[in-house]
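A.B. asks: For reference, the file model_34.pdb (PDB, C-alpha atoms (C1' of nucleotides)) is included below:
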MODEL        1
ATOM      1  CA  MET A   1     -53.829 -36.379  27.490
ATOM      2  CA  ASP A   2     -55.763 -34.693  24.761
ATOM      3  CA  SER A   3     -54.311 -32.249  22.274
ATOM      4  CA  GLU A   4     -55.917 -29.364  24.131
ATOM      5  CA  THR A   5     -54.002 -30.125  27.314
ATOM      6  CA  ALA A   6     -50.832 -30.774  25.375
ATOM      7  CA  ALA A   7     -51.125 -27.439  23.642
ATOM      8  CA  ALA A   8     -51.790 -25.686  26.948
ATOM      9  CA  ARG A   9     -48.733 -27.305  28.526
ATOM     10  CA  ILE A  10     -46.563 -26.338  25.616
ATOM     11  CA  ARG A  11     -47.733 -22.752  25.683
ATOM     12  CA  ALA A  12     -47.061 -22.642  29.415
ATOM     13  CA  ALA A  13     -43.541 -23.975  28.916
ATOM     14  CA  ILE A  14     -42.856 -21.335  26.293
ATOM     15  CA  ARG A  15     -44.210 -18.561  28.478
ATOM     16  CA  ALA A  16     -41.864 -19.790  31.205
ATOM     17  CA  ILE A  17     -38.820 -18.794  29.190
ATOM     18  CA  PRO A  18     -37.357 -15.690  30.851
ATOM     19  CA  LYS A  19     -36.853 -12.596  28.761
ATOM     20  CA  GLY A  20     -33.508 -12.546  27.065
ATOM     21  CA  GLN A  21     -33.221 -16.333  27.252
ATOM     22  CA  VAL A  22     -33.899 -19.033  24.699
ATOM     23  CA  ALA A  23     -34.882 -22.696  24.601
ATOM     24  CA  GLY A  24     -35.044 -25.495  22.041
ATOM     25  CA  TYR A  25     -38.169 -27.086  20.580
ATOM     26  CA  GLY A  26     -37.254 -30.439  22.044
ATOM     27  CA  GLU A  27     -36.661 -28.952  25.468
ATOM     28  CA  ILE A  28     -39.979 -27.166  25.436
ATOM     29  CA  ALA A  29     -41.703 -30.395  24.540
ATOM     30  CA  ARG A  30     -39.911 -32.288  27.287
ATOM     31  CA  ARG A  31     -40.690 -29.588  29.802
ATOM     32  CA  ALA A  32     -44.338 -29.853  28.789
ATOM     33  CA  GLY A  33     -44.316 -33.569  29.513
ATOM     34  CA  LEU A  34     -44.260 -34.445  25.827
ATOM     35  CA  PRO A  35     -40.820 -35.883  25.066
ATOM     36  CA  GLY A  36     -40.129 -36.360  21.387
ATOM     37  CA  ARG A  37     -42.832 -33.903  20.335
ATOM     38  CA  ALA A  38     -40.534 -31.136  19.135
ATOM     39  CA  ARG A  39     -42.443 -31.047  15.869
ATOM     40  CA  LEU A  40     -45.681 -30.624  17.751
ATOM     41  CA  VAL A  41     -44.257 -27.503  19.371
ATOM     42  CA  ALA A  42     -43.257 -26.183  15.974
ATOM     43  CA  ARG A  43     -46.687 -26.920  14.565
ATOM     44  CA  LEU A  44     -48.381 -25.068  17.390
ATOM     45  CA  LEU A  45     -46.304 -21.990  16.801
ATOM     46  CA  SER A  46     -46.990 -22.094  13.081
ATOM     47  CA  GLU A  47     -50.725 -22.229  13.674
ATOM     48  CA  ASN A  48     -51.247 -20.242  16.875
ATOM     49  CA  GLU A  49     -49.667 -16.872  16.287
ATOM     50  CA  ASP A  50     -50.408 -15.749  19.802
ATOM     51  CA  ALA A  51     -48.776 -12.386  20.377
ATOM     52  CA  LYS A  52     -48.585 -13.226  24.064
ATOM     53  CA  LEU A  53     -46.341 -16.213  23.377
ATOM     54  CA  PRO A  54     -42.600 -15.455  23.276
ATOM     55  CA  TRP A  55     -42.273 -17.793  20.303
ATOM     56  CA  HIS A  56     -39.144 -15.961  19.191
ATOM     57  CA  ARG A  57     -37.307 -17.460  22.185
ATOM     58  CA  VAL A  58     -37.734 -20.927  20.727
ATOM     59  CA  LEU A  59     -34.820 -22.143  18.628
ATOM     60  CA  ARG A  60     -33.669 -25.379  17.033
ATOM     61  CA  SER A  61     -31.450 -27.815  18.885
ATOM     62  CA  ASP A  62     -28.333 -26.321  17.330
ATOM     63  CA  GLY A  63     -29.190 -22.868  18.598
ATOM     64  CA  ARG A  64     -30.235 -21.590  15.199
ATOM     65  CA  ILE A  65     -33.448 -19.876  14.164
ATOM     66  CA  ALA A  66     -35.797 -22.363  12.547
ATOM     67  CA  PHE A  67     -36.479 -20.163   9.521
ATOM     68  CA  PRO A  68     -34.206 -19.904   6.504
ATOM     69  CA  GLU A  69     -31.994 -16.819   6.649
ATOM     70  CA  GLY A  70     -33.568 -13.853   4.929
ATOM     71  CA  SER A  71     -37.136 -15.098   5.244
ATOM     72  CA  LYS A  72     -39.891 -13.044   6.834
ATOM     73  CA  GLY A  73     -39.991 -15.162   9.969
ATOM     74  CA  TYR A  74     -36.234 -15.052  10.280
ATOM     75  CA  ARG A  75     -36.107 -11.283  10.308
ATOM     76  CA  GLU A  76     -39.030 -11.079  12.686
ATOM     77  CA  GLN A  77     -37.518 -13.495  15.171
ATOM     78  CA  SER A  78     -33.976 -12.187  15.097
ATOM     79  CA  GLN A  79     -35.240  -8.646  15.540
ATOM     80  CA  ARG A  80     -37.396  -9.592  18.513
ATOM     81  CA  LEU A  81     -34.481 -11.422  20.121
ATOM     82  CA  ARG A  82     -32.101  -8.533  19.669
ATOM     83  CA  ALA A  83     -34.745  -6.264  21.165
ATOM     84  CA  GLU A  84     -34.416  -8.342  24.329
ATOM     85  CA  GLY A  85     -30.670  -8.120  24.367
ATOM     86  CA  VAL A  86     -29.990 -11.480  22.742
ATOM     87  CA  THR A  87     -27.141 -11.421  20.261
ATOM     88  CA  VAL A  88     -28.040 -13.137  17.006
ATOM     89  CA  GLU A  89     -25.360 -13.785  14.428
ATOM     90  CA  LYS A  90     -26.100 -15.444  11.102
ATOM     91  CA  GLY A  91     -29.233 -17.030  12.467
ATOM     92  CA  ARG A  92     -27.427 -18.356  15.494
ATOM     93  CA  VAL A  93     -27.718 -17.186  19.069
ATOM     94  CA  ARG A  94     -24.465 -16.250  20.719
ATOM     95  CA  GLY A  95     -23.858 -17.925  24.034
ATOM     96  CA  GLN A  96     -26.036 -20.936  23.315
ATOM     97  CA  ARG A  97     -24.772 -24.039  21.536
ATOM     98  CA  ALA A  98     -26.266 -27.484  21.759
ATOM     99  CA  ALA A  99     -29.626 -28.786  22.890
ATOM    100  CA  ALA A 100     -28.354 -29.586  26.363
ATOM    101  CA  THR A 101     -27.156 -26.022  26.809
ATOM    102  CA  LEU A 102     -30.272 -24.227  25.668
ATOM    103  CA  ASP A 103     -32.543 -25.487  28.371
ATOM    104  CA  SER A 104     -30.009 -25.845  31.160
ATOM    105  CA  GLN A 105     -29.353 -22.136  30.858
ATOM    106  CA  ILE A 106     -32.861 -21.306  31.968
ATOM    107  CA  TRP A 107     -34.223 -24.290  33.816
ATOM    108  CA  GLY A 108     -31.149 -25.983  35.199
ATOM    109  CA  PRO A 109     -28.959 -28.922  34.109
ATOM    110  CA  ALA A 110     -31.092 -31.765  35.425
ATOM    111  CA  ASP A 111     -34.707 -31.953  36.317
TER     112      ASP A 111
ATOM    113  C1'  DC B   1     -54.292 -47.600   4.464
ATOM    114  C1'  DT B   2     -50.285 -45.216   2.109
ATOM    115  C1'  DG B   3     -47.335 -41.565   1.205
ATOM    116  C1'  DA B   4     -46.024 -36.635   1.629
ATOM    117  C1'  DT B   5     -44.887 -32.761   4.622
ATOM    118  C1'  DG B   6     -42.904 -29.880   8.215
ATOM    119  C1'  DA B   7     -40.861 -23.395  12.860
ATOM    120  C1'  DC B   8     -37.441 -31.002  14.498
ATOM    121  C1'  DT B   9     -33.223 -34.138  16.248
ATOM    122  C1'  DG B  10     -29.182 -36.934  16.532
ATOM    123  C1'  DA B  11     -25.735 -39.661  14.261
ATOM    124  C1'  DT B  12     -22.365 -40.079  10.470
ATOM    125  C1'  DA B  13     -19.200 -38.837   6.951
TER     126       DA B  13
ATOM    127  C1'  DC C   1     -17.715 -26.239   9.355
ATOM    128  C1'  DT C   2     -21.559 -28.396   5.874
ATOM    129  C1'  DA C   3     -24.250 -32.338   3.852
ATOM    130  C1'  DT C   4     -26.990 -36.664   4.231
ATOM    131  C1'  DC C   5     -29.822 -39.766   6.282
ATOM    132  C1'  DA C   6     -32.822 -42.121   9.154
ATOM    133  C1'  DG C   7     -36.086 -41.418  13.059
ATOM    134  C1'  DC C   8     -39.701 -39.042  14.831
ATOM    135  C1'  DC C   9     -44.816 -37.246  15.541
ATOM    136  C1'  DA C  10     -49.200 -35.233  13.888
ATOM    137  C1'  DT C  11     -51.929 -33.986  10.023
ATOM    138  C1'  DC C  12     -53.763 -34.277   5.472
ATOM    139  C1'  DA C  13     -54.666 -35.667   0.471
TER     140       DA C  13
ENDMDL
END
Would you mind writing the structure in this file as structure tokens?

C.D. replies:
Amino acid sequence: MDSETAAARIRAAIRAIPKGQVAGYGEIARRAGLPGRARLVARLLSENEDAKLPWHRVLRSDGRIAFPEGSKGYREQSQRLRAEGVTVEKGRVRGQRAAATLDSQIWGPAD
DNA sequence: CTGATGACTGATA
DNA sequence: CTATCAGCCATCA
């Protein structure tokens, strides 16, 4: 598939994250049919700042925000998450832990 | 072509 | 718990 389709799939996967829930970069990529492209997901978000995309619901595999604590992006993301009822503590989302947990919480354990 | 870079990941110590 | 390190993929100088 071309990069256009890949990007579209990724955006769709991100939009599929329910409000108040979160998912990991790797899980988004896998859900989009692009296993191993976690960095591609990250790159898309860094370039396409689409206000319609719930990019703030995308976290790293360890459940942490991808930005360094205190940075602009960090504050932006943590604030948006809290606005949806997600508890963020020291850059980490409460209730979510490892990669396997992130996605299974919103899309189910297996696929 | 080669090496550097990055909103990444998993394994090890 | 944190710190390294080696993979990883796409892009760019």

A.B. asks: Between chain C and chain B, at 9 Å or less, what are the per-residue closest atom pairs and their distances in Å? Count only C-alpha atoms (C1' of nucleotides), order by chain and rising residue number, and return it as CSV.

C.D. replies:
residue,atom,partner,partner_atom,distance
C:DA3,C1',B:DA13,C1',8.8
C:DT4,C1',B:DT12,C1',8.5
C:DC5,C1',B:DT12,C1',8.6
C:DG7,C1',B:DT9,C1',8.4
C:DC8,C1',B:DT9,C1',8.2
C:DT11,C1',B:DT5,C1',9.0
C:DC12,C1',B:DA4,C1',9.0
C:DA13,C1',B:DA4,C1',8.8

A.B. asks: Only residues of chain A matter here; which ones have an atom within 10 Å of chain B, counting all atoms listed in the file? Give them as a PyMOL selection string.

C.D. replies: chain A and resi 24-26+36-47+55-56+58-62+65-68+73-74+99

A.B. asks: Restricting the calculation to all atoms listed in the file, which member of A:Asp50, A:Glu89, A:Arg57, A:Glu69 is positioned closest to Ile28 (chain A)?

C.D. replies: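 Nearest candidate to Ile28 (chain A) out of A:Asp50, A:Glu89, A:Arg57, A:Glu69: A:Arg57.
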
A.B. asks: Could you tell me how far CA of Ala83 (chain A) lies from CA of Gln21 (chain A), in Å and to one decimal?

C.D. replies: 11.9 Å

A.B. asks: I'd like the interatomic distance between CA of Thr87 (chain A) and CA of Ile10 (chain A), to a tenth of an Å.

C.D. replies: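 Here the two named atoms are 25.1 Å from each other.
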
A.B. asks: So the first atom is CA of Val88 (chain A) and the second is CA of Ser71 (chain A); what is the distance between them in Å, to one decimal place?

C.D. replies: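 Interatomic distance, CA of Val88 (chain A) to CA of Ser71 (chain A): 15.0 Å.
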
A.B. asks: Given the file shown, determine the residues that the PyMOL selection byres ((chain A and resi 52) around 12) selects; report them as a PyMOL selection string.

C.D. replies: chain A and resi 11-12+14-16+45+48-51+53-56

A.B. asks: I need the residues from that last selection saved to file as a PDB file, in the frame of the given file (with C-alpha atoms), if you can.

C.D. replies:
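Result file is result29.pdb:
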ATOM      1  CA  ARG A  11     -47.733 -22.752  25.683  1.00  0.00           C
ATOM      2  CA  ALA A  12     -47.061 -22.642  29.415  1.00  0.00           C
ATOM      3  CA  ILE A  14     -42.856 -21.335  26.293  1.00  0.00           C
ATOM      4  CA  ARG A  15     -44.210 -18.561  28.478  1.00  0.00           C
ATOM      5  CA  ALA A  16     -41.864 -19.790  31.205  1.00  0.00           C
ATOM      6  CA  LEU A  45     -46.304 -21.990  16.801  1.00  0.00           C
ATOM      7  CA  ASN A  48     -51.247 -20.242  16.875  1.00  0.00           C
ATOM      8  CA  GLU A  49     -49.667 -16.872  16.287  1.00  0.00           C
ATOM      9  CA  ASP A  50     -50.408 -15.749  19.802  1.00  0.00           C
ATOM     10  CA  ALA A  51     -48.776 -12.386  20.377  1.00  0.00           C
ATOM     11  CA  LEU A  53     -46.341 -16.213  23.377  1.00  0.00           C
ATOM     12  CA  PRO A  54     -42.600 -15.455  23.276  1.00  0.00           C
ATOM     13  CA  TRP A  55     -42.273 -17.793  20.303  1.00  0.00           C
ATOM     14  CA  HIS A  56     -39.144 -15.961  19.191  1.00  0.00           C
TER      15      HIS A  56
END

A.B. asks: What box, with edges along x, y and z, holds each listed atom of chain B when 5 Å is added on every side, and can you state its centre and edge lengths in Å to one decimal, as AutoDock Vina command-line options?

C.D. replies:
--center_x -36.7 --center_y -35.5 --center_z 8.9 --size_x 45.1 --size_y 34.2 --size_z 25.3

A.B. asks: Measuring atom to atom with all atoms listed in the file, identify which of A:Ala29, A:Ile106, A:Ala8, A:Ile17 is nearest to chain C.

C.D. replies: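 Once distances to chain C are computed over all atoms listed in the file, the minimum belongs to A:Ala29.
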